[in-house]
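Visitor: The file below is model.txt, compact mmCIF, C-alpha atoms:
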# COMPACT_ATOMS: atom_id res chain seq x y z
CA MET A 1 23.29 3.68 -16.89
CA ARG A 2 23.05 2.40 -13.34
CA ALA A 3 20.20 4.77 -12.70
CA PHE A 4 18.41 3.44 -15.74
CA SER A 5 18.77 -0.21 -14.74
CA GLN A 6 17.55 0.78 -11.29
CA PHE A 7 14.57 2.49 -12.89
CA ILE A 8 13.48 -0.50 -14.97
CA ASN A 9 14.23 -2.92 -12.15
CA GLY A 10 10.66 -2.57 -10.94
CA PHE A 11 9.12 -3.22 -14.36
CA PHE A 12 9.80 -6.90 -14.69
CA ARG A 13 12.66 -8.41 -12.68
CA GLU A 14 11.39 -7.06 -9.35
CA ASN A 15 7.82 -6.32 -10.34
CA PRO A 16 6.06 -5.47 -7.06
CA VAL A 17 2.93 -7.45 -7.89
CA PHE A 18 4.02 -10.55 -9.78
CA VAL A 19 7.48 -11.11 -8.26
CA LEU A 20 7.59 -9.42 -4.85
CA VAL A 21 3.87 -10.17 -4.14
CA LEU A 22 3.24 -6.82 -2.44
CA GLY A 23 0.10 -4.73 -2.41
CA MET A 24 -2.33 -7.53 -3.18
CA CYS A 25 -5.49 -5.85 -1.89
CA PRO A 26 -5.60 -2.89 -4.29
CA THR A 27 -4.32 -5.16 -7.05
CA LEU A 28 -7.35 -7.39 -6.73
CA ALA A 29 -9.93 -4.79 -5.83
CA THR A 30 -9.28 -2.05 -8.36
CA THR A 31 -8.59 -4.08 -11.51
CA SER A 32 -12.18 -4.73 -12.51
CA SER A 33 -11.73 -2.06 -15.19
CA LEU A 34 -8.70 -0.52 -16.86
CA GLU A 35 -9.67 3.02 -15.87
CA LYS A 36 -9.81 2.18 -12.16
CA ALA A 37 -6.58 0.19 -12.41
CA ILE A 38 -4.66 3.06 -13.99
CA GLY A 39 -6.13 5.58 -11.55
CA MET A 40 -5.03 3.44 -8.62
CA GLY A 41 -1.61 2.83 -10.17
CA LEU A 42 -0.95 6.53 -10.71
CA ALA A 43 -2.19 7.52 -7.26
CA THR A 44 0.10 4.92 -5.69
CA THR A 45 3.03 6.05 -7.86
CA PHE A 46 2.54 9.64 -6.74
CA VAL A 47 2.50 8.68 -3.06
CA LEU A 48 5.46 6.34 -3.52
CA VAL A 49 7.66 8.94 -5.25
CA CYS A 50 6.78 11.72 -2.79
CA SER A 51 7.21 9.59 0.33
CA ASN A 52 10.50 8.13 -0.95
CA PHE A 53 11.71 11.68 -1.58
CA ILE A 54 10.78 13.02 1.85
CA ILE A 55 11.99 9.95 3.73
CA SER A 56 15.36 9.84 2.00
CA PHE A 57 15.64 13.57 2.65
CA ILE A 58 14.90 13.44 6.38
CA LYS A 59 16.55 10.07 7.12
CA GLN A 60 19.54 11.47 9.03
CA TRP A 61 17.28 13.18 11.59
CA VAL A 62 14.95 10.24 12.18
CA PRO A 63 15.73 8.21 15.33
CA ASP A 64 15.75 4.50 14.60
CA GLU A 65 13.20 3.53 17.27
CA VAL A 66 10.37 5.70 15.98
CA ARG A 67 11.07 5.47 12.26
CA ILE A 68 8.00 3.39 11.37
CA PRO A 69 5.44 5.84 12.87
CA ILE A 70 7.26 8.73 11.21
CA PHE A 71 7.22 6.98 7.84
CA ILE A 72 3.52 6.21 8.23
CA VAL A 73 2.69 9.84 9.02
CA VAL A 74 4.64 11.01 5.95
CA ILE A 75 2.81 8.47 3.78
CA ALA A 76 -0.59 9.31 5.28
CA THR A 77 -0.02 13.01 4.56
CA PHE A 78 0.50 12.33 0.86
CA VAL A 79 -2.46 9.98 0.74
CA THR A 80 -4.66 12.73 2.20
CA LEU A 81 -3.27 15.05 -0.48
CA VAL A 82 -4.18 12.57 -3.22
CA LYS A 83 -7.63 12.10 -1.72
CA LEU A 84 -8.36 15.83 -1.71
CA ILE A 85 -6.94 16.36 -5.22
CA MET A 86 -9.02 13.49 -6.56
CA ALA A 87 -12.16 14.74 -4.81
CA ALA A 88 -11.65 18.10 -6.54
CA TYR A 89 -10.76 17.00 -10.08
CA PHE A 90 -11.86 13.36 -10.53
CA PRO A 91 -14.88 12.80 -8.27
CA ASP A 92 -16.10 9.82 -10.34
CA LEU A 93 -12.79 8.01 -10.05
CA LYS A 94 -12.70 8.73 -6.32
CA ALA A 95 -16.16 7.24 -5.91
CA ALA A 96 -15.14 4.18 -7.95
CA LEU A 97 -11.99 3.55 -5.91
CA GLY A 98 -13.95 4.17 -2.70
CA ILE A 99 -12.35 2.76 0.42
CA PHE A 100 -9.18 1.73 -1.43
CA LEU A 101 -8.02 5.32 -1.81
CA PRO A 102 -7.39 5.87 1.92
CA LEU A 103 -6.02 2.34 2.07
CA ILE A 104 -2.97 3.36 0.00
CA VAL A 105 -1.53 4.17 3.45
CA VAL A 106 -1.29 0.49 4.34
CA ASN A 107 -0.14 -0.64 0.90
CA CYS A 108 2.94 -2.70 1.75
CA ILE A 109 4.79 -1.52 -1.38
CA ILE A 110 5.10 2.01 -0.03
CA LEU A 111 6.20 1.21 3.51
CA GLY A 112 8.35 -1.60 2.13
CA ARG A 113 10.23 0.70 -0.23
CA ALA A 114 10.55 3.37 2.48
CA GLU A 115 12.05 0.85 4.88
CA ALA A 116 14.15 -1.15 2.42
CA PHE A 117 15.32 1.56 0.05
CA ALA A 118 14.61 5.21 0.86
CA SER A 119 15.88 5.05 4.45
CA LYS A 120 19.28 3.83 3.20
CA ASN A 121 19.83 5.64 -0.09
CA GLY A 122 20.18 9.17 -1.43
CA VAL A 123 17.40 11.45 -2.64
CA VAL A 124 17.86 10.94 -6.40
CA GLU A 125 18.15 7.16 -6.18
CA SER A 126 15.05 7.02 -3.97
CA ILE A 127 12.98 9.05 -6.42
CA THR A 128 14.15 6.81 -9.29
CA ASP A 129 13.32 3.71 -7.30
CA GLY A 130 9.88 5.05 -6.37
CA LEU A 131 9.14 5.94 -9.96
CA GLY A 132 10.30 2.55 -11.27
CA MET A 133 8.32 0.62 -8.67
CA GLY A 134 5.27 2.80 -9.25
CA VAL A 135 5.39 2.28 -13.00
CA GLY A 136 5.85 -1.48 -12.48
CA PHE A 137 2.81 -1.50 -10.17
CA THR A 138 0.77 0.53 -12.69
CA LEU A 139 1.82 -1.82 -15.53
CA ALA A 140 0.78 -4.89 -13.54
CA LEU A 141 -2.54 -3.31 -12.58
CA GLY A 142 -3.13 -2.20 -16.17
CA LEU A 143 -2.43 -5.70 -17.47
CA LEU A 144 -4.84 -7.31 -15.01
CA GLY A 145 -7.38 -4.53 -15.54
CA SER A 146 -7.40 -4.90 -19.32
CA VAL A 147 -7.79 -8.69 -19.21
CA ARG A 148 -10.59 -8.50 -16.65
CA GLU A 149 -12.42 -5.69 -18.41
CA ILE A 150 -12.21 -7.33 -21.84
CA LEU A 151 -13.41 -10.70 -20.56
CA GLY A 152 -15.83 -9.39 -17.96
CA SER A 153 -17.62 -6.52 -19.65
CA GLY A 154 -16.48 -6.86 -23.27
CA SER A 155 -14.98 -3.38 -23.40
CA LEU A 156 -11.72 -1.53 -22.83
CA LEU A 157 -11.76 1.88 -21.10
CA GLY A 158 -15.52 1.80 -21.62
CA ILE A 159 -15.25 1.36 -25.41
CA PRO A 160 -16.78 -1.90 -26.75
CA PHE A 161 -13.98 -4.29 -27.61
CA PHE A 162 -15.60 -6.99 -29.75
CA ASN A 163 -17.45 -4.38 -31.79
CA GLY A 164 -20.25 -6.03 -33.73
CA VAL A 165 -18.73 -9.50 -33.38
CA SER A 166 -20.17 -10.61 -30.09
CA THR A 167 -21.88 -9.23 -27.04
CA TYR A 168 -21.18 -12.33 -24.92
CA THR A 169 -19.41 -11.51 -21.66
CA GLN A 170 -18.33 -13.48 -18.64
CA THR A 171 -19.39 -11.25 -15.78
CA ILE A 172 -17.54 -13.43 -13.27
CA PHE A 173 -14.27 -11.78 -14.33
CA ILE A 174 -15.23 -8.37 -12.97
CA LEU A 175 -16.50 -9.93 -9.73
CA ALA A 176 -14.40 -11.15 -6.80
CA PRO A 177 -13.65 -14.75 -7.95
CA GLY A 178 -12.43 -13.53 -11.34
CA GLY A 179 -9.90 -11.28 -9.60
CA PHE A 180 -8.36 -14.19 -7.68
CA LEU A 181 -8.42 -16.38 -10.80
CA THR A 182 -6.76 -13.84 -13.13
CA LEU A 183 -4.06 -12.92 -10.61
CA GLY A 184 -3.34 -16.59 -9.80
CA LEU A 185 -2.97 -17.50 -13.46
CA PHE A 186 -0.75 -14.50 -14.20
CA MET A 187 1.52 -15.38 -11.28
CA ALA A 188 1.69 -18.98 -12.47
CA PHE A 189 2.70 -17.70 -15.92
CA PHE A 190 5.49 -15.53 -14.47
CA ASN A 191 6.64 -18.49 -12.35
CA TYR A 192 6.65 -20.66 -15.45
CA LEU A 193 8.84 -18.17 -17.30
CA ALA A 194 11.26 -17.99 -14.37
CA LEU A 195 11.41 -21.77 -14.04
CA ARG A 196 12.04 -22.24 -17.76
CA LYS A 197 14.85 -19.71 -17.67
CA HIS A 198 16.54 -21.59 -14.83
CA ALA A 199 16.04 -25.02 -16.37
CA ARG A 200 17.54 -24.17 -19.75
CA PRO A 201 21.21 -25.29 -19.80
CA GLY A 202 23.57 -22.40 -20.47
CA GLY A 203 20.69 -19.98 -20.28
CA GLU A 204 21.13 -16.72 -18.45
CA ASP A 205 20.89 -17.43 -14.79
CA LYS A 206 21.52 -14.37 -12.70
CA LYS A 207 19.89 -13.90 -9.37
CA MET B 208 -31.66 -6.66 17.49
CA LYS B 209 -32.62 -7.68 13.96
CA GLU B 210 -30.32 -5.02 12.54
CA TYR B 211 -27.36 -6.54 14.35
CA PHE B 212 -28.18 -10.02 13.12
CA VAL B 213 -28.33 -8.71 9.54
CA LEU B 214 -25.01 -6.95 10.11
CA MET B 215 -23.48 -10.15 11.46
CA PHE B 216 -24.63 -12.33 8.60
CA GLY B 217 -23.68 -9.69 6.08
CA MET B 218 -20.15 -9.16 7.40
CA ILE B 219 -19.38 -12.85 7.83
CA PHE B 220 -20.83 -14.33 4.65
CA VAL B 221 -22.12 -11.83 2.11
CA GLN B 222 -19.52 -9.07 2.39
CA ASN B 223 -16.70 -11.24 3.65
CA PHE B 224 -13.63 -9.03 4.05
CA VAL B 225 -11.28 -11.36 2.23
CA LEU B 226 -13.40 -13.11 -0.35
CA ASN B 227 -15.69 -10.28 -1.34
CA GLN B 228 -14.02 -7.00 -0.41
CA PHE B 229 -10.38 -7.95 -1.06
CA LEU B 230 -9.20 -6.64 2.30
CA GLY B 231 -6.43 -8.35 4.23
CA ILE B 232 -5.14 -10.44 1.34
CA CYS B 233 -1.52 -10.35 2.58
CA PRO B 234 -2.15 -12.26 5.87
CA PHE B 235 -4.70 -14.41 4.04
CA ILE B 236 -1.93 -15.69 1.77
CA GLY B 237 0.96 -15.33 4.24
CA VAL B 238 -0.40 -16.85 7.47
CA SER B 239 -2.61 -19.59 6.01
CA LYS B 240 -0.10 -22.42 5.84
CA LYS B 241 -1.03 -23.97 9.21
CA ARG B 242 -4.38 -24.18 10.95
CA ASP B 243 -3.01 -23.20 14.38
CA SER B 244 -1.39 -20.00 13.20
CA ALA B 245 -4.45 -19.15 11.09
CA PHE B 246 -6.63 -19.45 14.17
CA GLY B 247 -4.26 -17.35 16.32
CA MET B 248 -4.03 -14.65 13.69
CA GLY B 249 -7.80 -14.65 13.29
CA MET B 250 -8.40 -14.16 17.02
CA ALA B 251 -5.88 -11.32 17.17
CA VAL B 252 -7.58 -9.64 14.20
CA ILE B 253 -11.06 -9.92 15.77
CA PHE B 254 -9.77 -8.34 18.97
CA VAL B 255 -7.86 -5.48 17.32
CA MET B 256 -10.56 -4.81 14.74
CA GLY B 257 -13.29 -4.50 17.35
CA LEU B 258 -11.14 -2.22 19.51
CA SER B 259 -10.03 0.01 16.64
CA CYS B 260 -13.55 0.37 15.24
CA PHE B 261 -14.67 1.39 18.74
CA SER B 262 -11.92 3.93 19.35
CA THR B 263 -11.78 5.47 15.87
CA MET B 264 -15.53 6.16 15.94
CA LEU B 265 -15.14 7.68 19.41
CA ILE B 266 -12.34 10.01 18.25
CA TYR B 267 -14.15 10.78 15.00
CA LYS B 268 -17.36 11.84 16.75
CA LEU B 269 -15.82 13.55 19.77
CA VAL B 270 -12.71 15.19 18.36
CA LEU B 271 -12.56 15.35 14.58
CA ILE B 272 -16.14 16.41 13.80
CA PRO B 273 -16.46 19.14 16.52
CA PHE B 274 -13.20 20.73 15.34
CA GLY B 275 -14.06 20.34 11.65
CA LEU B 276 -11.01 18.19 10.93
CA GLN B 277 -12.71 15.10 9.51
CA GLU B 278 -11.82 15.87 5.89
CA TYR B 279 -8.11 16.35 6.50
CA LEU B 280 -7.01 14.31 9.45
CA ASP B 281 -9.11 11.14 9.36
CA ILE B 282 -6.53 8.92 7.62
CA ILE B 283 -3.57 10.14 9.66
CA SER B 284 -5.34 9.96 13.01
CA PHE B 285 -6.88 6.53 12.32
CA ILE B 286 -3.63 4.90 11.28
CA LEU B 287 -1.92 6.32 14.36
CA ILE B 288 -4.76 5.17 16.64
CA ILE B 289 -4.48 1.65 15.23
CA ALA B 290 -0.69 1.57 15.52
CA ALA B 291 -0.77 2.88 19.09
CA LEU B 292 -3.58 0.50 20.01
CA VAL B 293 -1.67 -2.52 18.76
CA GLN B 294 1.39 -1.48 20.80
CA PHE B 295 -0.76 -0.89 23.86
CA VAL B 296 -2.54 -4.23 23.54
CA GLU B 297 0.82 -5.95 23.17
CA ILE B 298 2.20 -4.37 26.36
CA VAL B 299 -0.97 -5.02 28.41
CA MET B 300 -1.25 -8.59 27.20
CA LYS B 301 2.38 -9.32 28.04
CA LYS B 302 1.79 -8.10 31.61
CA ILE B 303 -1.65 -9.55 32.32
CA SER B 304 -1.76 -12.81 30.43
CA PRO B 305 1.55 -14.24 29.24
CA GLU B 306 -0.21 -17.36 27.84
CA LEU B 307 -2.41 -15.27 25.60
CA TYR B 308 0.60 -13.21 24.65
CA ARG B 309 2.51 -16.31 23.61
CA ALA B 310 -0.45 -17.43 21.50
CA LEU B 311 -1.30 -14.13 19.83
CA GLY B 312 1.71 -11.89 20.46
CA ILE B 313 3.67 -12.74 17.35
CA TYR B 314 0.73 -11.78 15.13
CA LEU B 315 0.11 -8.41 16.71
CA PRO B 316 2.88 -6.39 14.99
CA LEU B 317 1.67 -7.73 11.64
CA ILE B 318 -1.80 -6.35 12.25
CA SER B 319 -1.00 -2.64 12.31
CA THR B 320 -0.34 -2.72 8.56
CA ASN B 321 -3.22 -5.09 7.85
CA CYS B 322 -5.45 -3.21 5.47
CA ALA B 323 -8.54 -5.02 6.75
CA VAL B 324 -8.28 -3.14 10.06
CA LEU B 325 -8.03 0.33 8.52
CA GLY B 326 -10.62 -0.76 5.95
CA SER B 327 -13.10 -1.79 8.63
CA THR B 328 -12.81 1.57 10.35
CA GLN B 329 -13.46 3.40 7.08
CA MET B 330 -16.14 1.13 5.65
CA ARG B 331 -19.36 2.62 7.03
CA LEU B 332 -17.74 5.57 8.78
CA LEU B 333 -19.80 8.26 7.06
CA ASP B 334 -23.12 6.40 7.41
CA TYR B 335 -22.68 5.59 11.08
CA ALA B 336 -21.25 9.01 11.97
CA GLU B 337 -24.71 10.48 11.47
CA LEU B 338 -26.24 8.29 14.19
CA PRO B 339 -26.26 9.38 17.86
CA LEU B 340 -23.02 8.60 19.68
CA PRO B 341 -23.84 5.38 21.61
CA GLU B 342 -25.55 3.73 18.63
CA ALA B 343 -22.79 4.75 16.22
CA ILE B 344 -20.13 3.26 18.47
CA LEU B 345 -22.06 0.07 19.12
CA LYS B 346 -22.74 -0.52 15.44
CA ASN B 347 -19.19 0.26 14.37
CA THR B 348 -17.76 -2.06 17.04
CA ALA B 349 -20.14 -4.82 15.95
CA LEU B 350 -19.02 -4.30 12.37
CA GLY B 351 -15.40 -4.65 13.38
CA ILE B 352 -15.96 -7.81 15.41
CA PHE B 353 -18.13 -9.57 12.83
CA GLY B 354 -15.79 -8.50 10.05
CA GLY B 355 -12.97 -10.10 12.03
CA VAL B 356 -15.02 -13.28 12.42
CA GLY B 357 -15.54 -13.38 8.65
CA PHE B 358 -11.82 -12.89 8.14
CA THR B 359 -11.04 -15.71 10.56
CA LEU B 360 -13.48 -18.03 8.80
CA ALA B 361 -11.90 -17.40 5.40
CA LEU B 362 -8.37 -17.70 6.83
CA TYR B 363 -9.13 -20.96 8.64
CA LEU B 364 -10.83 -22.56 5.64
CA MET B 365 -7.88 -21.54 3.49
CA ALA B 366 -5.45 -23.10 5.98
CA CYS B 367 -7.42 -26.37 5.85
CA ILE B 368 -7.25 -26.36 2.05
CA ARG B 369 -3.54 -25.57 1.98
CA GLU B 370 -2.67 -28.29 4.49
CA ARG B 371 -4.37 -30.74 2.16
CA MET B 372 -2.58 -29.33 -0.86
CA GLU B 373 0.83 -30.02 0.70
CA ARG B 374 0.82 -33.54 -0.66
CA ALA B 375 -1.09 -32.92 -3.88
CA PRO B 376 0.71 -33.27 -7.22
CA ILE B 377 0.68 -29.61 -8.30
CA PRO B 378 2.47 -28.47 -11.48
CA PRO B 379 5.73 -26.68 -10.50
CA ALA B 380 4.71 -23.30 -11.90
CA LEU B 381 1.52 -23.27 -9.83
CA ARG B 382 3.11 -24.25 -6.50
CA GLY B 383 2.90 -21.86 -3.58
CA ILE B 384 1.08 -18.58 -4.09
CA PRO B 385 -0.56 -19.12 -7.51
CA ILE B 386 -2.44 -22.25 -6.40
CA ALA B 387 -3.49 -20.43 -3.22
CA PHE B 388 -5.07 -17.73 -5.37
CA LEU B 389 -6.83 -20.31 -7.50
CA ALA B 390 -8.20 -21.99 -4.37
CA ALA B 391 -9.33 -18.55 -3.14
CA ALA B 392 -11.14 -18.09 -6.47
CA GLY B 393 -13.05 -21.29 -5.80
CA MET B 394 -13.88 -20.17 -2.26
CA ALA B 395 -15.00 -16.74 -3.45
CA LEU B 396 -17.21 -18.42 -6.03
CA SER B 397 -18.91 -20.55 -3.38
CA PHE B 398 -19.34 -17.53 -1.07
CA PHE B 399 -21.14 -15.86 -3.96
CA GLY B 400 -24.00 -18.19 -3.20
CA PHE B 401 -24.84 -15.98 -0.21
CA THR B 402 -25.33 -12.88 -2.36
CA GLY B 403 -28.77 -11.38 -2.09
CA ILE B 404 -29.70 -13.08 1.18
CA VAL B 405 -29.30 -9.89 3.20
Take the structure in the file and write it out as structure tokens.
Guide:
Amino acid sequence: MRAFSQFINGFFRENPVFVLVLGMCPTLATTSSLEKAIGMGLATTFVLVCSNFIISFIKQWVPDEVRIPIFIVVIATFVTLVKLIMAAYFPDLKAALGIFLPLIVVNCIILGRAEAFASKNGVVESITDGLGMGVGFTLALGLLGSVREILGSGSLLGIPFFNGVSTYTQTIFILAPGGFLTLGLFMAFFNYLALRKHARPGGEDKK
Amino acid sequence: MKEYFVLMFGMIFVQNFVLNQFLGICPFIGVSKKRDSAFGMGMAVIFVMGLSCFSTMLIYKLVLIPFGLQEYLDIISFILIIAALVQFVEIVMKKISPELYRALGIYLPLISTNCAVLGSTQMRLLDYAELPLPEAILKNTALGIFGGVGFTLALYLMACIRERMERAPIPPALRGIPIAFLAAAGMALSFFGFTGIV
């Protein structure tokens, strides 16, 4: 039960994007379509789970002073792995993600979880945490990606969304300003929900 | 000479790291509350970005390509070069110029995980790697420096806006980060006016 609550912790209550505000660059850059967003989310989840596993496994042999470089090398190894796998099986997706694929290395979610969680907890808990956080990240990216793709290019996963009804699109949503706008409004919405929960008398207030 | 001018204009305005490429969003939101700290951070980024673009291209051309390692080791070696460089700069700066260290020192550790720095070294890596060594290094260094200038411009403008917003009547749900993103949307929209110039 505890493992389960730990797993879904990253979905909503500690969502890495909307609540912890981590990993903003890929969040903004790869959500111009749902396909890119999901590809990025899954690649990050893979790296997060693998690096959490290795780091929690080797933590007793890692001297405290050099832990950050060691963590970064572990993470960079898995990112290289993802890059090569994607180049072999999904070359189109790799081209679409472009520079943001190698930049998974500096995604603060991964180093943050390695430092805050995997270096202090056991192997199983760390894998669960990595999986939960990764799924939360993918969900957030998918949400932003769907909204931006529907509004910006009138389609979802490349399939026309308003079939036959309208071909009007607001291209701004798949460009840079639309990314900032969508993310800002989503964060405001999550803030609003949190504020309302606190303000309600007798409402659940656990933090 | 003309090429470098085009590169400068392009990196500062048209392909601005923050507002167009979405690189370095974390410091853009995190260090943009005061103008002084925005300026300090910006200077540190220009310095580190120029240096890391210079040294990664040097290693890439002289070590990775001759040994055929560029496919497998580029990410790992670049991130280590940047991390080591930041440490090195911090130590040298502390020894040589304590004033500069006091002004920029606190921002330096933040930079090694700034995605704009790794992004700038990867951006045109494959295009420039085909040029002869001196030209490749010069162009990559210029890219890093001008990219840093563009980053500083965006960061400083954002700090000006946020200082103003301190006293504005903002709805509670929008306060803090959401309104900063909305302001960034407005800035990105106005920077779109430069599209197509270069």
Visitor: Point out the residue among A:Ser56, A:Ser155, A:Asn121, A:Thr45 with the least atom-to-atom distance to Gly10 of chain A, counting only C-alpha atoms.
Guide: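 Result for the nearest residue to Gly10 of chain A: A:Thr45.
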Visitor: Determine which residues of chain B sit within 6 Å of chain A, taking into account only C-alpha atoms, and present them as a list in words.
Guide: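 Therefore, the residues near the partner are Asn227, Phe229, Leu230, Ile232, Ile283, Thr320, Cys322, Ala380, Leu381, Pro385, Phe388, Leu389, Ala392, Ala395 and Leu396 of chain B.
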Visitor: Distance atom CA of Phe12 of chain A-atom CA of Gly142 of chain A, one decimal place?
Guide: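 Calculated distance between atom CA of Phe12 of chain A and atom CA of Gly142 of chain A is 13.8 Å.
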Visitor: Calculate how many Å separate atom CA of Pro234 of chain B from atom CA of Thr359 of chain B, rounding to one decimal.
Guide: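 According to the coordinates, atom CA of Pro234 of chain B and atom CA of Thr359 of chain B are separated by 10.6 Å.
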Visitor: With a distance cut-off of 9 Å and only C-alpha atoms, select the neighbouring residues of Gly354 of chain B, excluding the residue or stretch itself and same-chain residues fewer than 4 positions from it, and output the selection as a PDB file with C-alpha atoms, in the frame of the given file.
Guide:
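The resulting file, out_17.pdb, is reproduced below:
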ATOM      1  CA  MET B 215     -23.480 -10.150  11.460  1.00  0.00           C
ATOM      2  CA  GLY B 217     -23.680  -9.690   6.080  1.00  0.00           C
ATOM      3  CA  MET B 218     -20.150  -9.160   7.400  1.00  0.00           C
ATOM      4  CA  ILE B 219     -19.380 -12.850   7.830  1.00  0.00           C
ATOM      5  CA  GLN B 222     -19.520  -9.070   2.390  1.00  0.00           C
ATOM      6  CA  ASN B 223     -16.700 -11.240   3.650  1.00  0.00           C
ATOM      7  CA  PHE B 224     -13.630  -9.030   4.050  1.00  0.00           C
ATOM      8  CA  ILE B 253     -11.060  -9.920  15.770  1.00  0.00           C
ATOM      9  CA  MET B 256     -10.560  -4.810  14.740  1.00  0.00           C
ATOM     10  CA  GLY B 257     -13.290  -4.500  17.350  1.00  0.00           C
ATOM     11  CA  ALA B 323      -8.540  -5.020   6.750  1.00  0.00           C
ATOM     12  CA  SER B 327     -13.100  -1.790   8.630  1.00  0.00           C
ATOM     13  CA  ALA B 349     -20.140  -4.820  15.950  1.00  0.00           C
ATOM     14  CA  LEU B 350     -19.020  -4.300  12.370  1.00  0.00           C
ATOM     15  CA  PHE B 358     -11.820 -12.890   8.140  1.00  0.00           C
ATOM     16  CA  THR B 359     -11.040 -15.710  10.560  1.00  0.00           C
TER      17      THR B 359
END
Visitor: Using the file's own x, y and z axes, what box holds all listed atoms of segment 117-130 of chain A with 4 Å on each side, keeping edges along x, y and z, and what are its centre and edge lengths in Å to one decimal, as AutoDock Vina command-line options?
Guide:
--center_x 15.0 --center_y 6.5 --center_z -2.4 --size_x 18.3 --size_y 17.9 --size_z 21.7
Visitor: If I take atom CA of Gly136 of chain A and atom CA of Asn15 of chain A, how far is one from the other in Å, to one decimal?
Guide: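 Straight-line distance from atom CA of Gly136 of chain A to atom CA of Asn15 of chain A works out to 5.6 Å.
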Visitor: Using all atoms listed in the file, pick whichever of B:Phe401, B:Phe285, B:Phe220, B:Phe254 has the shortest atom-to-atom distance to Gly351 of chain B.
Guide: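 Using all atoms listed in the file, the shortest distance to Gly351 of chain B belongs to B:Phe254.
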Visitor: Give me the residues near Lys36 of chain A as an mmCIF file with C-alpha atoms, in the coordinates of the input, where near means some atom within 10 Å (using only C-alpha atoms) and where sequence neighbours in that chain fewer than 3 positions away do not count.
Guide:
data_model
loop_
_atom_site.group_PDB
_atom_site.id
_atom_site.type_symbol
_atom_site.label_atom_id
_atom_site.label_comp_id
_atom_site.auth_asym_id
_atom_site.auth_seq_id
_atom_site.Cartn_x
_atom_site.Cartn_y
_atom_site.Cartn_z
ATOM 1 C CA ALA A 29 -9.930 -4.790 -5.830
ATOM 2 C CA THR A 30 -9.280 -2.050 -8.360
ATOM 3 C CA THR A 31 -8.590 -4.080 -11.510
ATOM 4 C CA SER A 32 -12.180 -4.730 -12.510
ATOM 5 C CA SER A 33 -11.730 -2.060 -15.190
ATOM 6 C CA GLY A 39 -6.130 5.580 -11.550
ATOM 7 C CA MET A 40 -5.030 3.440 -8.620
ATOM 8 C CA GLY A 41 -1.610 2.830 -10.170
ATOM 9 C CA LEU A 42 -0.950 6.530 -10.710
ATOM 10 C CA LEU A 93 -12.790 8.010 -10.050
ATOM 11 C CA LYS A 94 -12.700 8.730 -6.320
ATOM 12 C CA ALA A 96 -15.140 4.180 -7.950
ATOM 13 C CA LEU A 97 -11.990 3.550 -5.910
ATOM 14 C CA LEU A 141 -2.540 -3.310 -12.580
ATOM 15 C CA GLY A 142 -3.130 -2.200 -16.170
ATOM 16 C CA GLY A 145 -7.380 -4.530 -15.540
ATOM 17 C CA LEU A 157 -11.760 1.880 -21.100
#
Visitor: Would you mind telling me which residue in B:Leu345, B:Leu338, B:Val252, B:Ile266 lies nearest to Met208 of chain B when using all atoms listed in the file?
Guide: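 Once distances to Met208 of chain B are computed over all atoms listed in the file, the minimum belongs to B:Leu345.
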Visitor: Excluding Lys240 of chain B and any residue of its chain fewer than 2 positions from it, enumerate the residues within 10 Å of it, using only C-alpha atoms, and give them as a compact mmCIF listing (two decimals) with C-alpha atoms, in the frame of the given file.
Guide:
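Contents of out-v2.txt, as written:
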# COMPACT_ATOMS: atom_id res chain seq x y z
CA PHE B 235 -4.70 -14.41 4.04
CA ILE B 236 -1.93 -15.69 1.77
CA GLY B 237 0.96 -15.33 4.24
CA VAL B 238 -0.40 -16.85 7.47
CA ARG B 242 -4.38 -24.18 10.95
CA ASP B 243 -3.01 -23.20 14.38
CA SER B 244 -1.39 -20.00 13.20
CA ALA B 245 -4.45 -19.15 11.09
CA LEU B 362 -8.37 -17.70 6.83
CA TYR B 363 -9.13 -20.96 8.64
CA MET B 365 -7.88 -21.54 3.49
CA ALA B 366 -5.45 -23.10 5.98
CA CYS B 367 -7.42 -26.37 5.85
CA ILE B 368 -7.25 -26.36 2.05
CA ARG B 369 -3.54 -25.57 1.98
CA GLU B 370 -2.67 -28.29 4.49
CA MET B 372 -2.58 -29.33 -0.86
CA GLU B 373 0.83 -30.02 0.70
CA GLY B 383 2.90 -21.86 -3.58
CA ALA B 387 -3.49 -20.43 -3.22
Visitor: Considering only C-alpha atoms, state which residue in the set B:Ser304, B:Ser284, B:Thr402, B:Gln277 is at the smallest distance from Leu333 of chain B.
Guide: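 With only C-alpha atoms as the atom set, the closest residue is B:Gln277.
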Visitor: I want to know what sits within 10 Å of Lys59 of chain A, based on only C-alpha atoms, with residues of the same chain fewer than 2 positions away left out; could you give that as a CSV table (one decimal) with C-alpha atoms, keeping the file's coordinate frame?
Guide:
chain,number,residue,atom,x,y,z
A,54,ILE,CA,10.8,13.0,1.8
A,55,ILE,CA,12.0,10.0,3.7
A,56,SER,CA,15.4,9.8,2.0
A,57,PHE,CA,15.6,13.6,2.6
A,61,TRP,CA,17.3,13.2,11.6
A,62,VAL,CA,15.0,10.2,12.2
A,63,PRO,CA,15.7,8.2,15.3
A,64,ASP,CA,15.8,4.5,14.6
A,67,ARG,CA,11.1,5.5,12.3
A,71,PHE,CA,7.2,7.0,7.8
A,118,ALA,CA,14.6,5.2,0.9
A,119,SER,CA,15.9,5.0,4.4
A,120,LYS,CA,19.3,3.8,3.2
A,121,ASN,CA,19.8,5.6,-0.1
A,122,GLY,CA,20.2,9.2,-1.4
A,123,VAL,CA,17.4,11.4,-2.6
Visitor: I want to know what sits within 9 Å of Phe117 of chain A, based on all atoms listed in the file, with residues of the same chain fewer than 6 positions away left out; could you give that as a PyMOL selection string?
Guide: chain A and resi 52+56+125-126+129
